[in-house]
Every structure is written in structure tokens, then in C-alpha cells.
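Have a look at the structure below, then the notes.
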Amino acid sequence: MKKLLILNALFFFLLSTAQEFKLEKITMADLDQKEHKTDKNANASILFKRQHVYYDYDNNKGFFQVKDIVYRIKIYNQDGFTYAEGSEYLYNNGNTRETISRVDGITYSIENGKIVETKLKKDQVFENKINENQTEVKFTMPNLKAGCIVEYKYTVTSPFNQNIDEIQCQYDIPLEFIDVRISIPQYYVFRPNIKGYYPLNLKKYSKEGKINSTGFVRQDKAMSTTYNDSFTYVNNVYEIVAKEVPPLKEEPFITNINNYRASYSMELQSRQFPGESFKNYSQTWNDVANSIFLREDFGKELKKTGYFENDLNPLLSDVSSDQEKLVKILEFCKQKVKWNENNGFTCKTGVKEAYKLGSGNTAEVNLNLINMLNANGFDANPVLVSTRKHGIPLFPTRDGFNYVVASVTLPNGMVLLDATDPFSTVNMLPERALNWKGRLIKKNSENEEIPLFVNTPSQDNGFIGFTLDQNGKLTGKLRRQMTNYLAKRFREKYLVKSKDNWIEDLENKYGNLSIEDYDVTNDKEIYQPINETYTFSADQSADIVGNSILFKPLFFQTTKSNPFVSETRAFPIDFIYPTKSKYSYTINIPDGFAIESIPTSINIGLPDNMGSYKYVIQKAEKSIQIMVQYEILVSYIAQTEYEAVKDFFKQIVDKENEQVVLKKI
């Protein structure tokens with residue numbers, strides 16, 4: 001006789017011994033609160049967040065995951081209304097999909113001296129299809145006004161039980177209380193990952209669960225005997241409870257603030273159900289590289305030829321050097337397959353179809369580039385990248401990447417190329433791809449980590465001649481030259497505007513400046529430096545005080561403020577790329593005046609030769625000569641050096657805001 005087991009009731013999770021936090025009733029005092037107790041500038045605060053994740057079972061579909069979410073949020077002013085919006089992204093793979101249910105919400109406010117409750121209606125919950133695999137469910141709480149409190153909750157049911165989405169535990173507004181609990185039956189083994197700089201205390205404990213089931217024993221073709229059975233198992237519970245989590249504020253020079261946000265995620269390592277074999281899901285980078293290369297929409301696309309040669313080969317017939325050939329192929333690919341602004345390391349339509357259509361996603365553009373390079377004798381391979389907005393892949397996983405670029409191994413080293421950006425050149429990727437490290441994958445499944453840091457400084461060098469008259473009017477001429485990323489940034493902004501609009505923006509940037517004879521050369525020659533020249537004039541560029549004239553000697557080029565104002569900093573400082581700047585200034589003083597005083601020269605530096613600033617000023621009988629040299633020689637500076645960086649920029653601001661004094665003779 002064969003025994004068949006049918007599960008009709010599965011009670012996985014008993015209550016833990018942890019104390020449940022119960023929401024108190026909202027009072028008039030809560031609604032009357034005008035500002036947050038510690039963050040007076042907060043537009044809103046999260047009074048309570050609960051996110052519990054657990055597993056349930058269906059006889060027909062098997063195991064599925066359930067996520068219960070509850071929010072209570074205080075709105076202090078109209079700018080805080082955006083925090084009264086709920087949003088959840090649901091995934092489907094074509095056959096199965098995530099669903100949302102039990103969406104309930106209430107807005108609490110004061111009207112005529114009484115607490116009024118306004119419920120969220122079903123027709124206020126909207127679905128928006130993002131793409132074939134993703135739908136956003138979104139709602140805005142009703143009857144919003146300054147001082148109100150919103151409370152909403154919902155449940156997400158997911159058949160994709162091998163993934164536990166990242167749980168955000170820190171926001172850009174204060175979070176008063178958070179309760180995170182993930183309950184996992186013993187058949188799954190997950191590895192917990194805590195991200196961010198704010199300390200989260202993870203507590204793990206086990207609790208017994210019980211499964212009640214009904215089964216039957218088939219005795220012959222016509223008869224069977226039913227029975228009731230039960231067995232116990234172990235729940236592994238992961239819990240984070242935190243109070244008064246401070247907001248995560250944007251700081252200047254940060255790659256992606258979400259890289260430093262306190263959050264919690266779990267990665268499946270293995271699974272073993274009763275009566276089944278052990279399944280290992282733990283991945284190494286070799287596993288990731290192999291699985292990606294074997295994909296139909298990746299590895300197979302790198303073997304395709306015979307569709308671009310007739311167009312490309314004539315352009316290379318008279319090219320002698322590898323460097324020239326490299327540039328020709330890169331520029332050809334840019335023109336033939338335009339980027340459609342969709343990221344991805346796998347192809348959507350395929351390299352041939354993208355070539356035929358003339359556009360494609362990141363993979364289709366750059367895998368086309370790799371195919372063209374390999375067909376012409378280069379050793380080219382893909383490098384998987386996570387863009388700056390996507391975050392940093394800390395653990396071996398395919399989901400950590402959303403972009404791909406090309407690498408070419410040359411006798412003097414490796415260079416990286418990206419044909420999605422019209423202004424990128426050999427070994428100069430778009431800034432979106434400059435995100436710590438990438439993963440190179442070769443055809444033999446070998447892989448290696450590739451640093452994406454920029455080592456070559458971008459330069460901005462120039463000369464400015466100033467002439468000041470006795471009424472404080474300034475005239476002069478500027479000449480400057482920019483290279484590498486500084487030139488690239490200039491082109492990206494300059495070429496999308498008319499010349500008149502560009503000049504108008506430049507005049508507004510510098511206040512009362514009037515610009516004439518404006519000229520730019522090499523604006524479309526991306527392998528050449530940008531050259532910019534113009535003449536200028538400005539009234540009231542100096543202060544007339546009695547018989548004296550006072551002015552800041554760099555005039556409109558003076559550094560006015562320090563970008564680093566926070567007392568402390570928890571994150572690295574990201575300059576994206578190194579820079580060097582050197583400017584020479586000549587100031588011709590008006591007739592009838594003599595130089596009474598000038599600032600002193602300084603020469604300062606950052607620790608470990610990471611940067612320097614030199615300000616050298618000299619006076620002659622009728623002029624002042626200044627040389628200003630600024631260097632940041634690294635892309636990243638650790639947060640441990642924040643005080644040094646802050647003081648470095650403070651000294652720059654202080655020095656450039658010192659004044660020259662002229663006295664009438």
C-alpha cells in the first residue's frame with residue numbers, strides 16, 4: 001500500500017517570546033504636535049513601522065511567502081505629504097505573480113476641535129504596469145493636512161519564496177520605532193546581511209511550530225482509510241527592534257545615499273524538504289560568472305557574427321595602429337546601435353536585432369561592441385557593472401549587476417569602453433558606471449574583479465586678465481582648457497543648449513557678469529580638450545569706501561562656501577574622479593591708486609598626498625599676479641579623514657574671500 005499525504009492546514013508560526021509593541025490610540029496631543037522633538041526641520045516622521053515576513057502553505061501551490069506591513073506616520077507640514085504615499089512593487093514571471101491584499105488606511109486629523117478619521121477607499125488604490133514583470137501598486141492617503149497622522153497596512157503574498165526583499169530600516173526622516181521579524185522554517189537556510197552605518201541589533205532565536213495534516217491510506221482501488229496526523233518542526237526567527245533611528249541625510253559628494261542606509265536582507269543558502277535531496281544555493285563569483293555566461297541572452301550573443309562586417313570592414317581598411325582601430329570601432333558602434341536608455345546585462349531582442357533596429361539596451365549596445373572588437377583581432381570581454389544608482393554588489397549574486405561594459409586587453413594593459421554614451425572615449429566610462437568594482441567574465445568562465453576607479457586626473461587650466469577702474473567696474477578676458485571628465489561634463493551640458501542660452505546661464509551663474517565674444521573649440525571633438533574663451537565686464541565688482549577700493553582678487557571665480565558643513569560624516573567622500581586645476585590671474589589696478597594690502601600666500605595639503613591647494617599672490621606697481629593651484633588626486637576619501645577635508649576646504653574659502661585694499665594716491 002502506498003501512503004499519500006495531503007496537507008490541509010499548516011500552522012507554521014507560534015508567537016515568539018518577544019514582547020509585541022502595540023500601537024496606542026491617537027490623541028489630540030499627538031495631532032497638535034507641530035514639529036519633531038529632535039529634528040525641528042523634519043517634514044514628517046515615521047512613528048511606527050512593522051514588517052513581518054513568514055511562510056505559509058497551500059495544498060495545490062506549495063510554500064509561499066507572506067509579508068505584513070504596517071506604517072504610522074506624522075505629517076508636520078505640506079512638504080511632508082509625500083510621506084503619506086504607499087507604494088509596493090509586485091513581480092511576476094509570466095506564470096506566477098505576487099499579489100497585494102488587505103490594503104487599509106486611515107488619516108487622523110482635527111476638525112472643529114474633534115479627531116476625524118478618514119478611511120482610504122478602494123478606488124484610491126491604483127496599479128501601474130512598469131514593465132512585463134513588474135507592477136507598482138500605489139496610493140495616497142486622503143484628507144491630508146499639516147499635523148495629521150496617517151496609518152496604513154497591507155499584505156503581500158509571494159510565490160517566490162527563495163527571495164526575501166531588502167527591508168529598509170532608515171529613512172530621510174526620523175523613525176521612532178521599527179519592528180522587523182522574519183520567520184523561516186528549518187527547511188530553508190538563509191544568510192542575514194545588515195547594510196549601512198547605523199547599528200542594528202539582530203536577534204535570532206528558535207521556536208517550535210506544528211503542522212496538522214489529513215492523509216489517507218489507499219487499501220485497494222475502491223477503498224481508502226483517512227487519518228489525522230501532525231508533526232513539529234523548528235522556526236528560525238530573525239528579529240530587529242530599534243527605537244529613534246536618526247534620519248539619513250544627503251551629503252555632498254556621495255555615490256548613492258542608499259548604499260549607506262541601514263537595511264536588512266537575507267540570501268538563500270540551501271534548502272532541504274523532508275524526503276527531498278539537499279539543494280545548495282550558495283554562490284561564489286565563479287558560480288555567478290558561469291550562470292551568466294551560459295544564459296541564452298548573454299553568452300550566446302557573444303558568439304554572433306556575420307551581420308556587421310560589411311559595414312565595419314571598409315572603415316578599417318586603411319587603419320594601421322591598434323589604438324586608431326579601437327577608436328574607429330567604438331565610434332562606429334555608437335552610431336550604429338544607439339542606447340535606448342534601458343539598463344541590463346542581458347539582451348532583450350538580441351545583438352543582431354538591435355543592430356538592425358539601430359537601438360538597444362546596455363547589453364545589446366556593448367555586446368555588439370565586444371563582437372566587433374573580437375572580430376577584428378582584439379581580446380575583448382564583458383565586464384558586469386552595478387550603476388551608481390543601483391548600489392554596490394557586496395555578495396556574489398546576479399541581481400547585484402544591472403549594466404555591462406567592454407574590456408580590451410592590450411600589450412600595455414586593460415582598457416574599458418562603453419558605446420552607450422556619445423561622449424565616452426577609450427578608458428573613460430560614463431559616470432553612471434564608475435561604481436567601485438566590476439566583474440570581468442571570460443569565455444572560458446574565468447572571472448576577475450576589475451577596479452572602476454579613475455586614476456588619471458581631469459584638468460582645468462586657464463588664464464584670466466582683470467582690469468579694474470576707479471569706479472569698481474571690471475573688464476577682462478578668460479581663456480581655459482578642460483580635459484577628460486571635466487571636458488565630458490562640459491560637452492554634455494553645452495551641446496544640448498543654444499549658444500545664447502548657454503551664455504545667459506553663464507552670466508546668471510556669475511551674478512552681474514556680461515559676456516561677449518564667447519567661443520568654444522573642440523566641442524564635438526571628444527578626443528581633444530575643450531577650449532573656452534570670452535571677454536566680460538561687470539559693474540560694482542569692488543567696494544568704494546572713501547579713498548579706498550576693496551575687492552576679492554578672484555572676483556566671480558571666488559569659492560564662496562564650504563560644501564562640507566556637517567559636524568561629522570559617516571560615509572566616504574566621493575569625488576568620482578581626480579581633478580587638477582591651475583589658473584593664473586593678472587589684475588590691473590586703476591590709475592591714481594596704489595596697492596595698500598594683499599592677502600598672504602598659502603600652501604596646504606590633505607593627508608597622504610590626497611590633495612593640495614596653493615595660493616600665491618604678488619604685487620607689482622600697477623598690477624597683482626595670482627596663481628591658484630587645486631588638486632584632488634584620488635576618487636574617494638574615507639570618512640575617517642572628514643575633519644581634514646572639511647578644514648582643507650574651509651581654508652580655501654577663507655583665503656579666497658580675503659580682500660585686496662587699494663588706496664588713492
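How things are named: the first chain in the C-alpha cells is A, the next is B, and so on; residues count from 1 in each chain; ligands count from 1 in the order shown.
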
Exercise for review: Could you please write out, as a ChimeraX atom specification, every residue of stretch 108-156 of chain A that DSSP assigns to strand (DSSP E or B)?
Suggested key: /A:108-111,114-119,125-131,134-140,149-156

Point to revise | Residue contacts of stretch 45-49 of chain A (9 Å, only C-alpha atoms) excluding same-chain residues fewer than 4 positions away, as a PyMOL selection string | key: chain A and resi 23+36+69-76+80+83+169+171+173-180

Check your understanding: Could you pull the residues within 12 Å of A:Gly113, counting only C-alpha atoms, minus those fewer than 5 positions along the same chain, as a list in words?
Key -> Thr27, Met28, Ala29, Leu31 and Asp32 of chain A

If you keep N, CA and C atoms, can you produce a file of those selected residues as a PDB file, in the first residue's frame?
ATOM      1  N   THR A  27      -4.111  60.572  20.031  1.00  0.00           N
ATOM      2  CA  THR A  27      -4.735  61.579  20.889  1.00  0.00           C
ATOM      3  C   THR A  27      -4.670  62.960  20.244  1.00  0.00           C
ATOM      4  N   MET A  28      -5.396  63.905  20.845  1.00  0.00           N
ATOM      5  CA  MET A  28      -5.343  65.295  20.387  1.00  0.00           C
ATOM      6  C   MET A  28      -3.929  65.845  20.512  1.00  0.00           C
ATOM      7  N   ALA A  29      -3.210  65.451  21.558  1.00  0.00           N
ATOM      8  CA  ALA A  29      -1.836  65.927  21.749  1.00  0.00           C
ATOM      9  C   ALA A  29      -0.936  65.466  20.605  1.00  0.00           C
ATOM     10  N   LEU A  31      -1.862  64.924  17.519  1.00  0.00           N
ATOM     11  CA  LEU A  31      -2.208  65.683  16.319  1.00  0.00           C
ATOM     12  C   LEU A  31      -1.815  67.152  16.439  1.00  0.00           C
ATOM     13  N   ASP A  32      -1.744  67.656  17.655  1.00  0.00           N
ATOM     14  CA  ASP A  32      -1.360  69.055  17.872  1.00  0.00           C
ATOM     15  C   ASP A  32       0.146  69.279  17.758  1.00  0.00           C
TER      16      ASP A  32
END

Exercise for review: Name the residues of stretch 68-147 of chain A that fall into helix (DSSP H, G or I) according to DSSP on the backbone, using the chain letters and numbers of this document, as number ranges by chain.
Suggested key: A: 78-84, 122-124

Practice item. List the neighbours of A:Gln625 out to 7 Å using only C-alpha atoms; skip same-chain residues closer than 2 positions along the sequence, and give me the result as a PyMOL selection string. Key: chain A and resi 585-587+617-619+623+627

For the residues in the current selection, export C-alpha atoms as a compact mmCIF listing (two decimals), in the first residue's frame.
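So selection_35.txt came out as:
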# COMPACT_ATOMS: atom_id res chain seq x y z
CA TYR A 585 45.33 85.84 -12.80
CA THR A 586 46.54 89.33 -13.59
CA ILE A 587 44.72 92.27 -12.00
CA ILE A 617 49.91 86.28 -4.71
CA GLN A 618 52.42 89.01 -5.61
CA LYS A 619 52.09 92.71 -6.25
CA SER A 623 49.16 95.03 -11.08
CA MET A 627 48.47 81.70 -9.18

Exercise for review: Mind giving me the straight-line distance from atom CA of A:Gly465 to atom CA of A:Lys477 in Å, one decimal?
Suggested key: 5.5 Å

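You can rank A:Gly511, A:Pro553, A:Pro430, A:Gly209 by their closest distance to A:Val385 using only C-alpha atoms, and at the top of that list sits A:Pro430.
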